[in-house]
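K.L.:
I have a structure I would like to understand better, so I am pasting it below and will then ask my questions one at a time.
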Amino acid sequence: MESDPDTPKLVNARSETVTTSSNFRDAWLAGQRCIVPMQAFMEDDWRSRKAVPTRIARVDGVPLGVAGLWESWTGVDGEVIISYALLTVNANSHALMSRYQQPGNEKRMLAILNEGAYDAWLNARPEKAKEFMRAYPANWLTANPVENGRQ
């Protein structure tokens with residue numbers, strides 16, 4: 001696919017609409033799934049009515065494996081670029097993640113995979129891959145405010 005330089009490359013994809021979104025449908029149907037490793041991710045805690053940057057990680061310190069989709073595209077200079085988007089799920093009723101993001105907005109969280117499900121996620125048929133789109137247990141995550149924007 002050739003890229004329009006004015007077209008934004010999206011970072012997150014809503015798991016509920018990934019099969020119908022023109023941005024992600026082809027990658028989903030082609031099984032272009034990936035796992036994005038990360039030690040932690042940041043969210044703003046708005047309970048004090050001001051954004052407090054907060055680092056969210058696994059309680060046991062093991063890196064997170066976040067479900068993603070990848071795409072290959074051609075940049076304006078002809079260079080082939082591989083990009084990815086992180087999949088998210090609704091977190092309105094999640095015991096931890098419901099505290100984060102702007103008040104009044106739908107709460108979202110990354111689709112974090114269990115380590116034992118990595119191979120299954122990467123190799124599942126598209127209709128079965130939807131089963132991996134669920135909230136990660138709150139008691140397996142820890143959230144710590146970050147001072148001065150430092151992790």
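By order of appearance in the structure tokens: chains A, B, ..., then residues from 1 within every chain, and ligands from 1 in the order shown.
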For region 15-26 of chain A, find every residue with an atom within 6 Å (counting only C-alpha atoms), except residues of its own chain fewer than 6 positions away, and show them as an mmCIF file with C-alpha atoms, in the first residue's frame.
P.N.:
```
data_model
loop_
_atom_site.group_PDB
_atom_site.id
_atom_site.type_symbol
_atom_site.label_atom_id
_atom_site.label_comp_id
_atom_site.auth_asym_id
_atom_site.auth_seq_id
_atom_site.Cartn_x
_atom_site.Cartn_y
_atom_site.Cartn_z
ATOM 1 C CA LEU A 87 -5.642 -2.967 20.351
ATOM 2 C CA THR A 88 -7.838 -1.570 23.121
ATOM 3 C CA VAL A 89 -10.921 -2.804 24.962
#
```
K.L.:
Using DSSP assignments from the backbone, pull out every residue in chain A that falls under strand (DSSP E) and give it to me as a PyMOL selection string.
P.N.:
chain A and resi 12-14+33-38+41-45+52-58+64-74+80-90+108-110+112-113+141-145
K.L.:
Tell me, as an MDAnalysis selection string, which residues lie within 9 Å of Val59 (chain A), counting only C-alpha atoms; anything in the same chain fewer than 4 positions away does not count.
P.N.:
chainID A and resid 139:143
K.L.:
Point out the residue among A:Glu115, A:Ala85, A:Phe132, A:Tyr100 with the least atom-to-atom distance to Leu69 (chain A), counting only C-alpha atoms.
P.N.:
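Closest residue, counting only C-alpha atoms: A:Ala85.
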K.L.:
What gap, in Å, lies between CA of Gly61 (chain A) and CA of Ala120 (chain A)?
P.N.:
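Those two atoms sit 23.1 Å apart.
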K.L.:
Using DSSP secondary structure from the backbone, list all alpha helix (DSSP H) positions within chain A, as a PyMOL selection string.
P.N.:
chain A and resi 25-29+118-123+126-129
K.L.:
Measuring between only C-alpha atoms, which one of A:Ser83, A:Arg55, A:Arg47, A:Ala129 shows the shortest distance to Ser98 (chain A)?
P.N.:
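Of A:Ser83, A:Arg55, A:Arg47, A:Ala129, the one nearest Ser98 (chain A), counting only C-alpha atoms, is A:Arg47.
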K.L.:
Please report the interatomic distance between CA of Pro37 (chain A) and CA of Ile82 (chain A) in Å with one decimal.
P.N.:
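About the pair CA of Pro37 (chain A) and CA of Ile82 (chain A): they are 16.2 Å apart.
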K.L.:
Measuring between only C-alpha atoms, which one of A:Ala27, A:Val11, A:Val36, A:Ala117 shows the shortest distance to Trp73 (chain A)?
P.N.:
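Looking only at the distances to Trp73 (chain A), the closest residue turns out to be A:Ala27.
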